[in-house]
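One structure below.
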Amino acid sequence: SRVHKIASMPGDGIGIEVTGSAIAVLNACAELCGDFRLDFKELPYGTAYYKETGAYFPPDGLDEVRQFDAVLFGAVGMPDVPDSISLWGLLLAMRGPLQQYANVRPVKCLKNILPAVRTVAPKDIDWVLVRENSEGEYAGQGGRSHRGFDWEVATELAIFTRHGARRIIRYAFEIAQSRPRKLLTVVSKSNAQRYGMVLWDEVAEEVSKEFPDVKWDKMLVDAMTVRMVHKPHTLDTIVGSNLHMDILSDLAAALAASIGIAPSANIDPTRKSPSMFEPVHGSAFDIMGKGVANPFGAVWSAAMMLEFLGEKKAGDMLMESMEKCCEEGKTTEDLGGKMNTKQVTEALIENLKI
Ligand code: NAD
Ligand code: IPM
Ligand code: MN
């Protein structure tokens, strides 16, 4: 049978809880299917590892990760370490260097989700958010001088390259083209950000010529928030910069249901590096350790991983199992249910059907 080598990196907080859940569901799914196996290795990177070794990620961590077919990531960040240290130490130390330049975040209402927990009607929301994931506002360049003085200066440099804009916009056009509506919205902020975002707009014009069958439009990011809330049915595939889409993807998750179900895939479309699958949410200081986190975001990310590995049928099984749990009310509190993570995990395994 087919074997896929997966690095699991639970990280911190509820990342550990939801990754454990996703792995249990994945293993049950593989067993039921019988024609593939997932060979997991847990990599211990996160805040505990940092406190022990002084680093979030070992110097040869990228080479280690490159030996796997995919990475299943939880979340990183703890209250007693500055977020800028933990996130740049681990998560952002992988996305850019592994050139996972496309962060794909599908958004739709899972079937049977309670009307009370969503903001838009299910028929109006079926989006794919495509986030530039390797440069832009997350280039990591900048600095501070005269620290603590009144005349302190801090810079945070955003870097937009033609190459970077072209490859992500092209990738988004390809996704839009593969979907029934063939509709793409390019988000920018070229009224205020007059260099990088103007380049981005120009590149969109250029790349669009390669896709004459895709209808596309441009939208400023501020107006986009309003369109997402008031005219969700006019949107399908959406592409934008690293920071803009970070913000829009949390908004989208809340419109469809809860940040607890939102999935993401950090993809290297060239397949030179393994891609990394992770829920959109973080380590959730307010609920970590309580065992009540919603595992759906991690499980949906795992379904994306299965599809990426060529196991689409198995991925669909995970999606259908979540929908069955919604139908039965076997969900966590954020989805209107009363169950904890362990109970939902058991229900997810129970509801797996070939
Ligand atoms: P968060 O996503 O961790 O939490 C925001 C809110 O959503 C909290 O009230 C939380 O309880 C709730 N929530 C999130 N996931 C949930 C789930 N699965 N089930 C139920 N409720 C859920 O965002 P934050 O509070 O801004 O960040 C906390 C920490 O996580 C910070 O250190 C931040 O930097 C980090 N973070 C990490 C990642 C990542 O590793 N990918 C992503 C976002 C934030
Ligand atoms: C996300 C997260 C990360 C991001 C943070 C934790 C660095 O919010 O994956 O959406 O901004 O990319
Ligand atoms: Mn985010």
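A note on labels: chains of the structure tokens are A, B, ... as shown, every chain counts residues from 1, and ligands are counted from 1 in their shown order.
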
Among stretch 45-93 of chain A, which ones does DSSP assign to helix (DSSP H, G or I) (computed from the backbone)? Answer as a PDB file with N, CA and C atoms, in the first residue's frame.
```pdb
ATOM      1  N   THR A  47       7.539  25.865  22.258  1.00  0.00           N
ATOM      2  CA  THR A  47       8.082  26.660  23.360  1.00  0.00           C
ATOM      3  C   THR A  47       8.807  25.803  24.419  1.00  0.00           C
ATOM      4  N   ALA A  48       8.327  24.597  24.683  1.00  0.00           N
ATOM      5  CA  ALA A  48       9.023  23.731  25.650  1.00  0.00           C
ATOM      6  C   ALA A  48      10.436  23.426  25.143  1.00  0.00           C
ATOM      7  N   TYR A  49      10.528  23.127  23.854  1.00  0.00           N
ATOM      8  CA  TYR A  49      11.823  22.827  23.220  1.00  0.00           C
ATOM      9  C   TYR A  49      12.743  24.055  23.279  1.00  0.00           C
ATOM     10  N   TYR A  50      12.142  25.219  23.083  1.00  0.00           N
ATOM     11  CA  TYR A  50      12.901  26.487  23.131  1.00  0.00           C
ATOM     12  C   TYR A  50      13.487  26.721  24.524  1.00  0.00           C
ATOM     13  N   LYS A  51      12.677  26.428  25.542  1.00  0.00           N
ATOM     14  CA  LYS A  51      13.153  26.659  26.903  1.00  0.00           C
ATOM     15  C   LYS A  51      14.277  25.688  27.264  1.00  0.00           C
ATOM     16  N   GLU A  52      14.242  24.521  26.650  1.00  0.00           N
ATOM     17  CA  GLU A  52      15.262  23.513  26.913  1.00  0.00           C
ATOM     18  C   GLU A  52      16.544  23.799  26.152  1.00  0.00           C
ATOM     19  N   THR A  53      16.389  24.222  24.886  1.00  0.00           N
ATOM     20  CA  THR A  53      17.565  24.288  24.006  1.00  0.00           C
ATOM     21  C   THR A  53      17.960  25.702  23.608  1.00  0.00           C
ATOM     22  N   GLY A  61      16.951  22.078  11.005  1.00  0.00           N
ATOM     23  CA  GLY A  61      15.524  21.757  10.987  1.00  0.00           C
ATOM     24  C   GLY A  61      14.917  21.719   9.586  1.00  0.00           C
ATOM     25  N   LEU A  62      15.352  22.657   8.729  1.00  0.00           N
ATOM     26  CA  LEU A  62      14.773  22.690   7.381  1.00  0.00           C
ATOM     27  C   LEU A  62      15.127  21.420   6.616  1.00  0.00           C
ATOM     28  N   ASP A  63      16.386  20.973   6.774  1.00  0.00           N
ATOM     29  CA  ASP A  63      16.791  19.730   6.092  1.00  0.00           C
ATOM     30  C   ASP A  63      16.011  18.550   6.635  1.00  0.00           C
ATOM     31  N   GLU A  64      15.800  18.558   7.940  1.00  0.00           N
ATOM     32  CA  GLU A  64      15.035  17.474   8.549  1.00  0.00           C
ATOM     33  C   GLU A  64      13.621  17.427   7.953  1.00  0.00           C
ATOM     34  N   VAL A  65      12.990  18.598   7.910  1.00  0.00           N
ATOM     35  CA  VAL A  65      11.613  18.675   7.413  1.00  0.00           C
ATOM     36  C   VAL A  65      11.521  18.257   5.948  1.00  0.00           C
ATOM     37  N   ASP A  83       5.586  36.922  21.232  1.00  0.00           N
ATOM     38  CA  ASP A  83       5.116  36.280  19.995  1.00  0.00           C
ATOM     39  C   ASP A  83       6.095  36.470  18.831  1.00  0.00           C
ATOM     40  N   SER A  84       6.749  37.626  18.810  1.00  0.00           N
ATOM     41  CA  SER A  84       7.663  37.874  17.681  1.00  0.00           C
ATOM     42  C   SER A  84       8.824  36.879  17.708  1.00  0.00           C
ATOM     43  N   ILE A  85       9.209  36.428  18.901  1.00  0.00           N
ATOM     44  CA  ILE A  85      10.287  35.423  19.017  1.00  0.00           C
ATOM     45  C   ILE A  85       9.754  34.052  18.597  1.00  0.00           C
ATOM     46  N   SER A  86       8.612  33.668  19.145  1.00  0.00           N
ATOM     47  CA  SER A  86       8.127  32.305  18.890  1.00  0.00           C
ATOM     48  C   SER A  86       7.709  32.115  17.441  1.00  0.00           C
ATOM     49  N   LEU A  87       7.020  33.093  16.877  1.00  0.00           N
ATOM     50  CA  LEU A  87       6.530  32.916  15.514  1.00  0.00           C
ATOM     51  C   LEU A  87       7.648  32.971  14.486  1.00  0.00           C
ATOM     52  N   TRP A  88       8.588  33.901  14.711  1.00  0.00           N
ATOM     53  CA  TRP A  88       9.731  33.954  13.779  1.00  0.00           C
ATOM     54  C   TRP A  88      10.692  32.803  14.034  1.00  0.00           C
ATOM     55  N   GLY A  89      10.614  32.234  15.240  1.00  0.00           N
ATOM     56  CA  GLY A  89      11.499  31.116  15.564  1.00  0.00           C
ATOM     57  C   GLY A  89      11.074  29.820  14.907  1.00  0.00           C
ATOM     58  N   LEU A  92       7.313  31.046  10.951  1.00  0.00           N
ATOM     59  CA  LEU A  92       7.795  31.895   9.860  1.00  0.00           C
ATOM     60  C   LEU A  92       9.206  31.497   9.434  1.00  0.00           C
ATOM     61  N   ALA A  93       9.864  30.692  10.283  1.00  0.00           N
ATOM     62  CA  ALA A  93      11.175  30.149   9.904  1.00  0.00           C
ATOM     63  C   ALA A  93      11.027  29.002   8.912  1.00  0.00           C
TER      64      ALA A  93
END
```

Fill in: Shell of 6 Å around ligand 1 (only C-alpha atoms and all ligand atoms), written as a PyMOL selection string
chain A and resi 75-78+83+259-260+280-287+293-295+334

Item to complete: Return as a PyMOL selection string the full set of residues in stretch 30-181 of chain A whose backbone-based DSSP assignment is strand (DSSP E).
Response: chain A and resi 36-42+70-75+102-108+126-132+136-145+153-159

Discussion item. Neighbouring residues of A:Glu328 were defined as those with any atom within 12 Å, considering only C-alpha atoms; residues of the same chain fewer than 3 positions away were excluded. Please report them as number ranges by chain.
Written reply: A: 111-114, 321-325, 331-332, 335-339, 344, 347-348, 350-351

Could you save those same residues with C-alpha atoms as a short mmCIF file (atom, residue, chain, number, x, y, z; two decimals), in the first residue's frame?
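This went into selection.cif:
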```
data_model
loop_
_atom_site.label_atom_id
_atom_site.label_comp_id
_atom_site.auth_asym_id
_atom_site.auth_seq_id
_atom_site.Cartn_x
_atom_site.Cartn_y
_atom_site.Cartn_z
CA LYS A 111 -23.06 21.30 5.80
CA ASN A 112 -25.41 21.25 8.81
CA ILE A 113 -23.60 24.01 10.67
CA LEU A 114 -26.05 25.69 13.04
CA SER A 321 -17.49 13.01 9.00
CA MET A 322 -17.36 16.62 10.22
CA GLU A 323 -20.65 17.37 8.48
CA LYS A 324 -22.24 14.33 10.13
CA CYS A 325 -20.99 15.54 13.53
CA THR A 331 -19.50 19.65 18.25
CA THR A 332 -17.59 21.98 20.54
CA LEU A 335 -20.24 25.50 16.94
CA GLY A 336 -23.11 25.46 19.41
CA GLY A 337 -22.38 21.99 20.83
CA LYS A 338 -21.49 20.79 24.29
CA MET A 339 -18.70 18.33 23.59
CA VAL A 344 -15.68 15.22 19.18
CA ALA A 347 -17.50 11.09 17.11
CA LEU A 348 -15.35 12.01 14.10
CA GLU A 350 -17.24 6.93 14.57
CA ASN A 351 -18.68 8.90 11.63
#
```

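With a cut-off of 9 Å and using only C-alpha atoms and all ligand atoms, the polymer residues contacting ligand 3 are Leu243, Met245, Asp246, Ile247, Leu248, Ser249, Asp250, Val280, His281 and Gly282 of chain A.
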
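Using only C-alpha atoms, the protein and nucleic acid residues lying no more than 8 Å from A:Leu43, apart from those fewer than 5 places from it along its own chain, are Ala7, Ser8, Met9 and Pro10 of chain A.
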
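The list of residues with at least one atom within 9 Å of A:Trp127, based on only C-alpha atoms and without residues fewer than 6 positions apart in the same chain, reads Arg105, Pro106, Val107, Lys108, Pro232, Leu235, Asp236, Thr237, Ile238 and Ala252 of chain A.
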
Discussion item. Considering only C-alpha atoms, can you say which of A:Asn27, A:Asn340, A:Ser188, A:Asn103 comes closest to A:Phe277?
Written reply: A:Asn103
